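Dumped structure-v3.cif below, it's mmCIF, C-alpha atoms:
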```cif
data_entry
loop_
_atom_site.group_PDB
_atom_site.id
_atom_site.type_symbol
_atom_site.label_atom_id
_atom_site.label_comp_id
_atom_site.auth_asym_id
_atom_site.auth_seq_id
_atom_site.Cartn_x
_atom_site.Cartn_y
_atom_site.Cartn_z
ATOM 1 C CA MET J 30 84.612 36.079 71.071
ATOM 2 C CA GLY J 31 82.722 35.859 67.776
ATOM 3 C CA GLN J 32 79.037 36.627 68.083
ATOM 4 C CA GLN J 33 79.394 37.955 71.637
ATOM 5 C CA GLU J 34 81.430 40.901 70.325
ATOM 6 C CA GLN J 35 78.425 41.978 68.256
ATOM 7 C CA LEU J 36 75.948 42.006 71.126
ATOM 8 C CA LYS J 37 74.556 45.428 72.047
ATOM 9 C CA ILE J 38 72.514 46.246 75.109
ATOM 10 C CA GLY J 39 70.724 49.341 76.337
ATOM 11 C CA LEU J 40 70.531 50.415 79.964
ATOM 12 C CA ILE J 41 68.147 52.736 81.811
ATOM 13 C CA THR J 42 67.309 53.664 85.386
ATOM 14 C CA SER J 43 63.696 54.695 85.721
ATOM 15 C CA GLY J 44 61.189 56.001 88.257
ATOM 16 C CA GLY J 45 62.264 56.885 91.786
ATOM 17 C CA ASP J 46 66.003 56.716 92.371
ATOM 18 C CA ALA J 47 67.360 54.230 94.885
ATOM 19 C CA PRO J 48 70.792 53.992 96.566
ATOM 20 C CA GLY J 49 72.704 51.213 94.825
ATOM 21 C CA MET J 50 71.521 51.975 91.301
ATOM 22 C CA ASN J 51 75.016 53.200 90.438
ATOM 23 C CA ALA J 52 76.508 49.957 91.730
ATOM 24 C CA ALA J 53 74.124 48.043 89.449
ATOM 25 C CA ILE J 54 75.017 50.256 86.471
ATOM 26 C CA ARG J 55 78.709 49.669 87.142
ATOM 27 C CA ALA J 56 78.239 45.901 87.345
ATOM 28 C CA VAL J 57 76.241 45.794 84.102
ATOM 29 C CA VAL J 58 78.775 47.861 82.182
ATOM 30 C CA ARG J 59 81.891 46.110 83.458
ATOM 31 C CA THR J 60 80.450 42.621 83.011
ATOM 32 C CA ALA J 61 79.359 43.544 79.488
ATOM 33 C CA VAL J 62 82.753 45.020 78.593
ATOM 34 C CA PHE J 63 84.456 41.895 79.934
ATOM 35 C CA HIS J 64 82.416 39.840 77.463
ATOM 36 C CA GLY J 65 82.911 42.227 74.551
ATOM 37 C CA ILE J 66 79.361 43.597 74.607
ATOM 38 C CA LYS J 67 78.603 47.200 73.692
ATOM 39 C CA VAL J 68 76.548 49.131 76.244
ATOM 40 C CA TYR J 69 74.436 52.189 75.538
ATOM 41 C CA GLY J 70 73.064 54.155 78.456
ATOM 42 C CA PHE J 71 69.950 56.295 78.044
ATOM 43 C CA LYS J 72 69.622 59.335 80.286
ATOM 44 C CA ARG J 73 66.444 60.031 82.279
ATOM 45 C CA GLY J 74 64.921 56.593 81.873
ATOM 46 C CA TYR J 75 62.220 56.066 79.280
ATOM 47 C CA GLU J 76 62.313 59.800 78.496
ATOM 48 C CA GLY J 77 65.839 59.391 77.202
ATOM 49 C CA LEU J 78 65.006 56.159 75.420
ATOM 50 C CA ILE J 79 62.111 57.707 73.513
ATOM 51 C CA HIS J 80 64.108 60.825 72.591
ATOM 52 C CA THR J 81 67.430 58.964 72.066
ATOM 53 C CA ASP J 82 69.434 60.797 74.721
ATOM 54 C CA ILE J 83 72.146 58.182 74.497
ATOM 55 C CA MET J 84 75.759 57.599 75.503
ATOM 56 C CA GLU J 85 78.081 54.684 74.832
ATOM 57 C CA MET J 86 79.469 53.375 78.112
ATOM 58 C CA ASN J 87 82.762 51.731 79.042
ATOM 59 C CA ASN J 88 84.760 50.896 82.163
ATOM 60 C CA LYS J 89 85.868 54.500 82.569
ATOM 61 C CA SER J 90 82.245 55.697 82.377
ATOM 62 C CA VAL J 91 81.441 53.929 85.627
ATOM 63 C CA SER J 92 84.640 54.648 87.520
ATOM 64 C CA ASP J 93 84.140 55.906 91.093
ATOM 65 C CA ILE J 94 80.342 55.640 91.109
ATOM 66 C CA ILE J 95 79.844 52.590 93.331
ATOM 67 C CA TYR J 96 79.739 54.669 96.522
ATOM 68 C CA ARG J 97 77.417 57.372 95.175
ATOM 69 C CA GLY J 98 73.680 57.573 95.786
ATOM 70 C CA GLY J 99 71.214 58.405 93.040
ATOM 71 C CA THR J 100 71.922 57.348 89.467
ATOM 72 C CA MET J 101 74.557 58.638 87.048
ATOM 73 C CA LEU J 102 72.125 57.990 84.189
ATOM 74 C CA LEU J 103 69.563 60.258 85.828
ATOM 75 C CA THR J 104 65.916 59.302 86.065
ATOM 76 C CA ALA J 105 62.487 60.770 85.399
ATOM 77 C CA ARG J 106 58.802 59.950 85.379
ATOM 78 C CA CYS J 107 57.792 59.607 81.720
ATOM 79 C CA ALA J 108 54.082 60.200 81.055
ATOM 80 C CA GLU J 109 54.599 59.456 77.359
ATOM 81 C CA MET J 110 55.731 55.926 78.188
ATOM 82 C CA MET J 111 52.305 55.273 79.704
ATOM 83 C CA THR J 112 50.698 55.606 76.266
ATOM 84 C CA PRO J 113 50.723 53.051 73.423
ATOM 85 C CA GLU J 114 52.291 55.700 71.174
ATOM 86 C CA GLY J 115 55.147 56.291 73.582
ATOM 87 C CA GLN J 116 55.731 52.579 74.043
ATOM 88 C CA GLU J 117 55.862 52.157 70.277
ATOM 89 C CA LYS J 118 58.437 54.945 69.989
ATOM 90 C CA ALA J 119 60.601 53.361 72.692
ATOM 91 C CA ALA J 120 60.391 49.949 71.031
ATOM 92 C CA ASN J 121 61.316 51.426 67.658
ATOM 93 C CA VAL J 122 64.445 53.051 69.109
ATOM 94 C CA CYS J 123 65.541 49.661 70.451
ATOM 95 C CA LYS J 124 64.964 48.107 67.031
ATOM 96 C CA ILE J 125 66.722 50.883 65.099
ATOM 97 C CA LEU J 126 69.770 50.558 67.370
ATOM 98 C CA ASN J 127 69.543 46.783 66.956
ATOM 99 C CA LEU J 128 69.731 46.225 70.718
ATOM 100 C CA ASP J 129 69.897 42.602 71.804
ATOM 101 C CA ALA J 130 68.393 43.565 75.157
ATOM 102 C CA LEU J 131 67.315 46.517 77.260
ATOM 103 C CA ILE J 132 68.145 46.374 80.969
ATOM 104 C CA VAL J 133 65.647 48.305 83.083
ATOM 105 C CA ILE J 134 66.569 49.168 86.682
ATOM 106 C CA GLY J 135 63.549 50.430 88.587
ATOM 107 C CA GLY J 136 60.416 49.681 90.536
ATOM 108 C CA ASP J 137 57.001 48.298 89.714
ATOM 109 C CA GLY J 138 55.923 51.050 87.300
ATOM 110 C CA SER J 139 59.235 51.048 85.437
ATOM 111 C CA LEU J 140 59.234 47.286 85.078
ATOM 112 C CA HIS J 141 55.657 47.301 83.802
ATOM 113 C CA GLY J 142 56.883 49.763 81.184
ATOM 114 C CA GLY J 143 59.491 47.176 80.260
ATOM 115 C CA LEU J 144 56.797 44.507 80.063
ATOM 116 C CA ALA J 145 54.937 46.655 77.544
ATOM 117 C CA LEU J 146 58.097 46.754 75.429
ATOM 118 C CA THR J 147 58.364 42.956 75.455
ATOM 119 C CA GLU J 148 54.941 42.876 73.783
ATOM 120 C CA ARG J 149 56.505 44.928 70.978
ATOM 121 C CA GLY J 150 59.428 42.568 70.445
ATOM 122 C CA VAL J 151 62.039 44.090 72.766
ATOM 123 C CA ASN J 152 64.057 41.744 74.976
ATOM 124 C CA VAL J 153 63.836 43.312 78.447
ATOM 125 C CA ILE J 154 65.800 42.267 81.525
ATOM 126 C CA GLY J 155 64.518 43.848 84.731
ATOM 127 C CA LEU J 156 66.333 44.654 87.988
ATOM 128 C CA ALA J 157 64.405 45.589 91.119
ATOM 129 C CA GLY J 158 65.608 49.044 92.095
ATOM 130 C CA THR J 159 63.262 50.576 94.674
ATOM 131 C CA ILE J 160 63.510 51.495 98.342
ATOM 132 C CA ASP J 161 59.941 50.263 98.926
ATOM 133 C CA LEU J 162 60.618 46.475 98.870
ATOM 134 C CA ASP J 163 57.176 46.186 97.258
ATOM 135 C CA LEU J 164 57.951 43.672 94.492
ATOM 136 C CA PRO J 165 56.675 40.297 95.737
ATOM 137 C CA CYS J 166 58.770 38.246 93.301
ATOM 138 C CA THR J 167 62.002 39.051 95.161
ATOM 139 C CA ASP J 168 63.169 38.997 98.766
ATOM 140 C CA TYR J 169 65.233 42.132 98.235
ATOM 141 C CA THR J 170 65.116 45.326 96.200
ATOM 142 C CA ILE J 171 68.079 47.632 95.604
ATOM 143 C CA GLY J 172 67.992 50.642 97.921
ATOM 144 C CA PHE J 173 65.889 49.230 100.754
ATOM 145 C CA ASP J 174 68.720 48.712 103.242
ATOM 146 C CA THR J 175 70.120 52.215 102.779
ATOM 147 C CA ALA J 176 66.668 53.770 103.174
ATOM 148 C CA VAL J 177 66.068 51.848 106.404
ATOM 149 C CA ASN J 178 69.439 52.912 107.792
ATOM 150 C CA THR J 179 68.732 56.539 106.871
ATOM 151 C CA VAL J 180 65.420 56.396 108.732
ATOM 152 C CA MET J 181 67.055 54.744 111.717
ATOM 153 C CA ASP J 182 69.608 57.528 111.961
ATOM 154 C CA ALA J 183 66.829 60.123 111.914
ATOM 155 C CA ILE J 184 64.721 58.252 114.460
ATOM 156 C CA THR J 185 67.664 58.038 116.865
ATOM 157 C CA LYS J 186 68.108 61.799 116.752
ATOM 158 C CA ILE J 187 64.377 62.472 117.074
ATOM 159 C CA ARG J 188 64.108 60.157 120.076
ATOM 160 C CA ASP J 189 66.899 61.980 121.906
ATOM 161 C CA THR J 190 65.158 65.324 121.847
ATOM 162 C CA SER J 191 61.641 63.950 122.261
ATOM 163 C CA THR J 192 62.636 61.985 125.349
ATOM 164 C CA SER J 193 64.177 65.118 126.845
ATOM 165 C CA HIS J 194 60.903 67.007 126.358
ATOM 166 C CA GLU J 195 58.643 64.009 127.146
ATOM 167 C CA ARG J 196 56.959 64.338 123.776
ATOM 168 C CA CYS J 197 55.234 61.970 121.409
ATOM 169 C CA SER J 198 56.926 61.742 118.004
ATOM 170 C CA VAL J 199 55.028 60.823 114.862
ATOM 171 C CA VAL J 200 57.430 59.999 112.026
ATOM 172 C CA GLU J 201 56.258 59.445 108.461
ATOM 173 C CA VAL J 202 58.455 57.236 106.284
ATOM 174 C CA MET J 203 58.338 56.352 102.601
ATOM 175 C CA GLY J 204 57.256 53.085 101.035
ATOM 176 C CA ARG J 205 54.378 54.083 98.778
ATOM 177 C CA ASN J 206 51.651 51.483 99.364
ATOM 178 C CA ALA J 207 53.941 49.105 101.255
ATOM 179 C CA GLY J 208 54.780 49.226 104.948
ATOM 180 C CA TYR J 209 58.133 47.442 104.972
ATOM 181 C CA ILE J 210 60.300 50.461 105.771
ATOM 182 C CA ALA J 211 57.884 51.383 108.576
ATOM 183 C CA LEU J 212 57.798 47.859 110.035
ATOM 184 C CA TRP J 213 61.560 47.318 109.878
ATOM 185 C CA CYS J 214 62.194 50.693 111.486
ATOM 186 C CA GLY J 215 59.454 50.087 114.032
ATOM 187 C CA ILE J 216 61.206 46.973 115.261
ATOM 188 C CA SER J 217 64.753 48.328 114.903
ATOM 189 C CA GLY J 218 63.922 51.740 116.351
ATOM 190 C CA GLY J 219 61.840 50.602 119.299
ATOM 191 C CA ALA J 220 58.588 52.214 118.158
ATOM 192 C CA GLU J 221 55.482 51.965 120.306
ATOM 193 C CA GLU J 222 53.175 51.833 117.290
ATOM 194 C CA VAL J 223 53.364 51.457 113.509
ATOM 195 C CA LEU J 224 50.661 52.275 110.965
ATOM 196 C CA VAL J 225 50.941 50.522 107.593
ATOM 197 C CA PRO J 226 48.654 50.411 104.537
ATOM 198 C CA GLU J 227 48.341 46.619 104.739
ATOM 199 C CA ASP J 228 46.610 46.665 108.154
ATOM 200 C CA LEU J 229 43.836 49.195 108.689
ATOM 201 C CA THR J 230 42.729 47.673 112.005
ATOM 202 C CA VAL J 231 45.336 49.826 113.752
ATOM 203 C CA ASP J 232 43.641 53.234 113.674
ATOM 204 C CA GLU J 233 43.969 56.616 115.365
ATOM 205 C CA THR J 234 41.782 55.592 118.305
ATOM 206 C CA SER J 235 43.827 52.502 119.139
ATOM 207 C CA VAL J 236 47.068 54.491 118.862
ATOM 208 C CA ILE J 237 45.807 57.183 121.240
ATOM 209 C CA GLU J 238 44.656 54.548 123.716
ATOM 210 C CA GLN J 239 48.117 52.965 123.562
ATOM 211 C CA ILE J 240 49.837 56.306 124.191
ATOM 212 C CA ILE J 241 47.649 57.016 127.233
ATOM 213 C CA LYS J 242 48.330 53.521 128.553
ATOM 214 C CA ASN J 243 52.070 53.963 128.004
ATOM 215 C CA ARG J 244 52.133 57.312 129.839
ATOM 216 C CA SER J 245 50.232 55.868 132.804
ATOM 217 C CA SER J 246 52.753 53.028 133.028
ATOM 218 C CA GLY J 247 55.669 55.489 133.190
ATOM 219 C CA LYS J 248 56.812 55.866 129.588
ATOM 220 C CA ASN J 249 57.861 59.450 128.995
ATOM 221 C CA HIS J 250 58.200 59.227 125.231
ATOM 222 C CA ASN J 251 56.245 57.555 122.431
ATOM 223 C CA LEU J 252 57.455 56.925 118.902
ATOM 224 C CA ILE J 253 54.775 56.349 116.268
ATOM 225 C CA ILE J 254 55.880 55.425 112.739
ATOM 226 C CA VAL J 255 53.468 56.015 109.867
ATOM 227 C CA ALA J 256 54.007 54.572 106.386
ATOM 228 C CA GLU J 257 53.295 57.171 103.702
ATOM 229 C CA GLY J 258 50.453 55.024 102.364
ATOM 230 C CA ARG J 259 48.643 55.849 105.612
ATOM 231 C CA GLY J 260 49.838 59.380 106.200
ATOM 232 C CA SER J 261 50.383 61.341 102.999
ATOM 233 C CA LYS J 262 48.794 64.675 102.009
ATOM 234 C CA GLY J 263 48.907 66.260 105.429
ATOM 235 C CA LYS J 264 47.385 63.372 107.360
ATOM 236 C CA THR J 265 50.453 62.857 109.536
ATOM 237 C CA GLU J 266 50.474 66.457 110.753
ATOM 238 C CA GLU J 267 46.739 66.271 111.488
ATOM 239 C CA PHE J 268 47.251 62.981 113.317
ATOM 240 C CA ALA J 269 49.901 64.581 115.543
ATOM 241 C CA LYS J 270 47.482 67.414 116.416
ATOM 242 C CA THR J 271 44.758 64.854 117.203
ATOM 243 C CA ILE J 272 47.076 62.949 119.543
ATOM 244 C CA GLU J 273 48.085 66.124 121.378
ATOM 245 C CA LYS J 274 44.474 67.241 121.771
ATOM 246 C CA ALA J 275 43.310 63.838 123.030
ATOM 247 C CA THR J 276 46.213 63.127 125.402
ATOM 248 C CA GLY J 277 47.547 66.517 126.427
ATOM 249 C CA ILE J 278 51.015 65.291 125.470
ATOM 250 C CA GLU J 279 53.065 67.599 123.256
ATOM 251 C CA THR J 280 53.265 65.826 119.897
ATOM 252 C CA ARG J 281 55.469 66.616 116.911
ATOM 253 C CA ALA J 282 55.195 65.263 113.374
ATOM 254 C CA THR J 283 58.294 64.677 111.245
ATOM 255 C CA ILE J 284 58.007 63.766 107.574
ATOM 256 C CA LEU J 285 61.362 62.383 106.460
ATOM 257 C CA GLY J 286 60.511 62.559 102.765
ATOM 258 C CA HIS J 287 63.044 62.214 99.988
ATOM 259 C CA LEU J 288 66.145 62.222 102.169
ATOM 260 C CA GLN J 289 65.385 58.475 102.421
ATOM 261 C CA ARG J 290 66.281 58.091 98.744
ATOM 262 C CA GLY J 291 69.707 59.691 99.049
ATOM 263 C CA GLY J 292 73.049 58.916 100.579
ATOM 264 C CA SER J 293 75.895 56.546 99.893
ATOM 265 C CA PRO J 294 74.516 52.997 99.564
ATOM 266 C CA THR J 295 75.255 50.508 102.313
ATOM 267 C CA ALA J 296 77.445 47.470 101.687
ATOM 268 C CA VAL J 297 74.274 45.355 101.556
ATOM 269 C CA ASP J 298 72.800 47.458 98.741
ATOM 270 C CA ARG J 299 76.097 47.582 96.859
ATOM 271 C CA MET J 300 76.467 43.808 97.092
ATOM 272 C CA HIS J 301 72.948 42.999 95.878
ATOM 273 C CA ALA J 302 73.148 45.616 93.129
ATOM 274 C CA ALA J 303 76.494 44.315 91.875
ATOM 275 C CA MET J 304 75.352 40.697 91.864
ATOM 276 C CA MET J 305 72.058 41.542 90.149
ATOM 277 C CA GLY J 306 73.794 43.654 87.512
ATOM 278 C CA HIS J 307 76.248 40.868 86.767
ATOM 279 C CA LYS J 308 73.416 38.315 86.632
ATOM 280 C CA ALA J 309 71.490 40.472 84.148
ATOM 281 C CA VAL J 310 74.336 40.395 81.625
ATOM 282 C CA GLU J 311 74.948 36.672 82.174
ATOM 283 C CA THR J 312 71.253 36.100 81.447
ATOM 284 C CA ILE J 313 71.573 37.935 78.132
ATOM 285 C CA LEU J 314 74.672 35.906 77.219
ATOM 286 C CA LYS J 315 72.674 32.721 77.760
ATOM 287 C CA GLY J 316 70.177 33.889 75.159
ATOM 288 C CA GLU J 317 67.337 34.201 77.642
ATOM 289 C CA ARG J 318 64.596 36.729 76.965
ATOM 290 C CA ASN J 319 62.286 38.890 79.029
ATOM 291 C CA LYS J 320 63.538 38.027 82.479
ATOM 292 C CA MET J 321 63.545 39.595 85.913
ATOM 293 C CA VAL J 322 66.660 39.252 88.065
ATOM 294 C CA ILE J 323 65.638 38.519 91.651
ATOM 295 C CA TYR J 324 67.124 37.519 94.982
ATOM 296 C CA LYS J 325 65.103 34.639 96.410
ATOM 297 C CA ASN J 326 65.981 32.151 99.135
ATOM 298 C CA ALA J 327 69.547 33.490 99.251
ATOM 299 C CA LYS J 328 70.075 32.956 95.491
ATOM 300 C CA TYR J 329 70.173 35.277 92.473
ATOM 301 C CA GLU J 330 67.843 34.021 89.768
ATOM 302 C CA ALA J 331 66.365 35.156 86.472
ATOM 303 C CA ILE J 332 62.638 34.418 86.183
ATOM 304 C CA ASP J 333 59.982 35.273 83.615
ATOM 305 C CA LEU J 334 59.281 39.016 83.712
ATOM 306 C CA ALA J 335 55.515 38.735 83.222
ATOM 307 C CA GLU J 336 55.199 36.102 85.947
ATOM 308 C CA ALA J 337 57.385 38.154 88.287
ATOM 309 C CA LEU J 338 55.193 41.237 87.944
ATOM 310 C CA ALA J 339 51.983 39.217 88.286
ATOM 311 C CA ALA J 340 53.001 37.856 91.692
ATOM 312 C CA LYS J 341 51.137 39.078 94.778
ATOM 313 C CA ARG J 342 52.769 39.567 98.163
ATOM 314 C CA GLU J 343 50.770 38.584 101.208
ATOM 315 C CA TYR J 344 51.077 40.773 104.274
ATOM 316 C CA ASP J 345 52.880 39.036 107.133
ATOM 317 C CA PRO J 346 51.362 40.268 110.421
ATOM 318 C CA SER J 347 54.135 38.664 112.491
ATOM 319 C CA TYR J 348 56.363 41.740 112.009
ATOM 320 C CA TYR J 349 53.758 43.955 113.658
ATOM 321 C CA GLU J 350 53.059 41.414 116.392
ATOM 322 C CA ILE J 351 56.757 41.173 117.259
ATOM 323 C CA MET J 352 57.052 44.969 117.262
ATOM 324 C CA LYS J 353 54.214 45.184 119.797
ATOM 325 C CA ILE J 354 55.779 42.543 122.045
ATOM 326 C CA LEU J 355 59.118 44.327 122.020
ATOM 327 C CA SER J 356 57.575 47.741 122.632
ATOM 328 C CA VAL J 357 56.174 46.755 126.055
#
```
Using structure tokens, write down the structure that the file contains.
Amino acid sequence: MGQQEQLKIGLITSGGDAPGMNAAIRAVVRTAVFHGIKVYGFKRGYEGLIHTDIMEMNNKSVSDIIYRGGTMLLTARCAEMMTPEGQEKAANVCKILNLDALIVIGGDGSLHGGLALTERGVNVIGLAGTIDLDLPCTDYTIGFDTAVNTVMDAITKIRDTSTSHERCSVVEVMGRNAGYIALWCGISGGAEEVLVPEDLTVDETSVIEQIIKNRSSGKNHNLIIVAEGRGSKGKTEEFAKTIEKATGIETRATILGHLQRGGSPTAVDRMHAAMMGHKAVETILKGERNKMVIYKNAKYEAIDLAEALAAKREYDPSYYEIMKILSV
């Protein structure tokens, strides 16, 4: 194996956890071991990297984790990593350990932290691990499918009881500043209305008018899905009260919250995570630096990290339009 036996890589999961992160960890470790590469996992993301909370990983380390939600390496929000001093500390740890690369599994904030490390000489390979699907460089992010299925299960149960009581249900889902979970669940769950951060033309007034119209046409239940970017900090509960006051229809708000992050990952998330983890190690073996592993046009690719994070996603209104057609 020669030089490959001397390669050493670090691995962290950072930011919000996402179902499938463990599958990605497993794929990274087992692909690395296959090629004779040493793997060091840092606990609690950048917090563990800065403070060298480290463990050497092998095939046994990742046994029986593929079906588990969350991340075996734990994760945390690291305020220190947002400072130049913290970034310098993290980079120095990578240099002292003589790491050939650091694999970062996380969302936009975590990957921007990795980008800062590249400016300090660290070779960073990023994997998109976030339920929000808010990274425009890739068609898929690890955890999205499981989160959508979790929401769908909840919506099905909520609809049963709300239909029985002829209520209106307002359900807030996660997604940060992106409305993809809300839109997918709006179409898949038969919602009458969806509010997303990308389209502010759909407001409380138009939703109330739609509910009144639906009731007059014979619909005895309305499901309204609100993305958290439109409904956080108590707005969803207040919106439900406004609907009830304006329509006279009993209205309940349900905030699904962090249960959307948990649970055993679906086969889709496990598959993407495994393929992305394997691709990350293969990218390092090829001698490539500072890349982002993505899934684009049904292919797994490694593209420039800086370019990947600079990309902008344009909102596609067709999802909402189709949801409205199907809700009639």
Can you translate the PyMOL selection byres ((chain J and resi 287-304) around 9) into the concrete residues it hits in this file, as JSON, numbers by chain? {"J": [45, 46, 47, 48, 49, 50, 51, 52, 53, 54, 55, 56, 57, 95, 96, 97, 98, 99, 156, 157, 158, 160, 169, 170, 171, 172, 173, 174, 175, 176, 177, 178, 179, 180, 202, 203, 285, 286, 305, 306, 307, 308, 309, 324, 329]}
Spell out the residues picked by the PyMOL selection byres ((chain J and resi 352) around 12) here, as a ChimeraX atom specification. /J:211-224,253-254,346-351,353-357
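Take atom CA of Lys89 of chain J and atom CA of Asp129 of chain J: the distance between them is 22.6 Å.
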One decimal, Å: what's the distance from atom CA of Gly135 of chain J over to atom CA of Val255 of chain J, could you say?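 Atom-to-atom, atom CA of Gly135 of chain J and atom CA of Val255 of chain J are spaced 24.2 Å apart.
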Which residue of J:Val310, J:Val199, J:Ile332, J:Ile237 approaches Ile38 of chain J most closely, using all atoms listed in the file: J:Val310
What is the atom CA of Leu144 of chain J to atom CA of Thr60 of chain J distance in Å?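 Atom CA of Thr60 of chain J lies at a distance of 23.9 Å from atom CA of Leu144 of chain J.
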So which one's closest to Ala335 of chain J, J:Leu229, J:Leu40, J:Ala145, J:Ala61? Using all atoms listed in the file, please. J:Ala145
Applying 9 Å and all atoms listed in the file, which residues near Lys341 of chain J remain after dropping the ones on its own chain fewer than 3 positions away? List them as a ChimeraX atom specification. /J:164-166,338
Proximity to Phe63 of chain J - best of J:Glu195, J:Glu311, J:Asp82, J:Asp228, only C-alpha atoms: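 Looking at the shortest contact to Phe63 of chain J, the residue is J:Glu311.
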Selected by the PyMOL selection byres ((chain J and resi 105) around 9) in the shown coordinates: which residues, as an MDAnalysis selection string? chainID J and resid 42:46 72:77 103:104 106:107
Restricting the calculation to all atoms listed in the file, which member of J:Ala183, J:Ser198, J:Thr276, J:Ile83 is positioned closest to Lys242 of chain J? J:Thr276
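In terms of minimum interatomic distance to Asp333 of chain J, J:Val153 ranks closest within J:Ala269, J:Cys197, J:Val153, J:Val236, counting only C-alpha atoms.
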Using all atoms listed in the file, which residue out of J:Ala130, J:Ile284, J:Val122, J:Val58 lies closest to Val200 of chain J? J:Ile284
Build an axis-aligned box that encloses every atom of segment 101-110 of chain J listed in the file, pad it by 3 Å on each side, and report its centre and edge lengths in Å to one decimal, as AutoDock Vina command-line options.
```
--center_x 64.3 --center_y 58.3 --center_z 82.2 --size_x 26.5 --size_y 10.8 --size_z 15.7
```
So that I can see what lies close to Gly70 of chain J, please list as a ChimeraX atom specification the residues with an atom at most 8 Å from it, counting only C-alpha atoms and leaving out residues fewer than 3 positions away in the same chain. /J:39-41,83-86,102
In the coordinate frame of the file, compute which residues have an atom within 9 Å of (49.5, 51.3, 104.6) when using all atoms listed in the file, and state them as a list in words.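 I get Gly204, Arg205, Asn206, Ala207, Gly208, Leu224, Val225, Pro226, Glu227, Asp228, Leu229, Val255, Ala256, Glu257, Gly258, Arg259 and Gly260 of chain J for the residues within 9 Å of that point.
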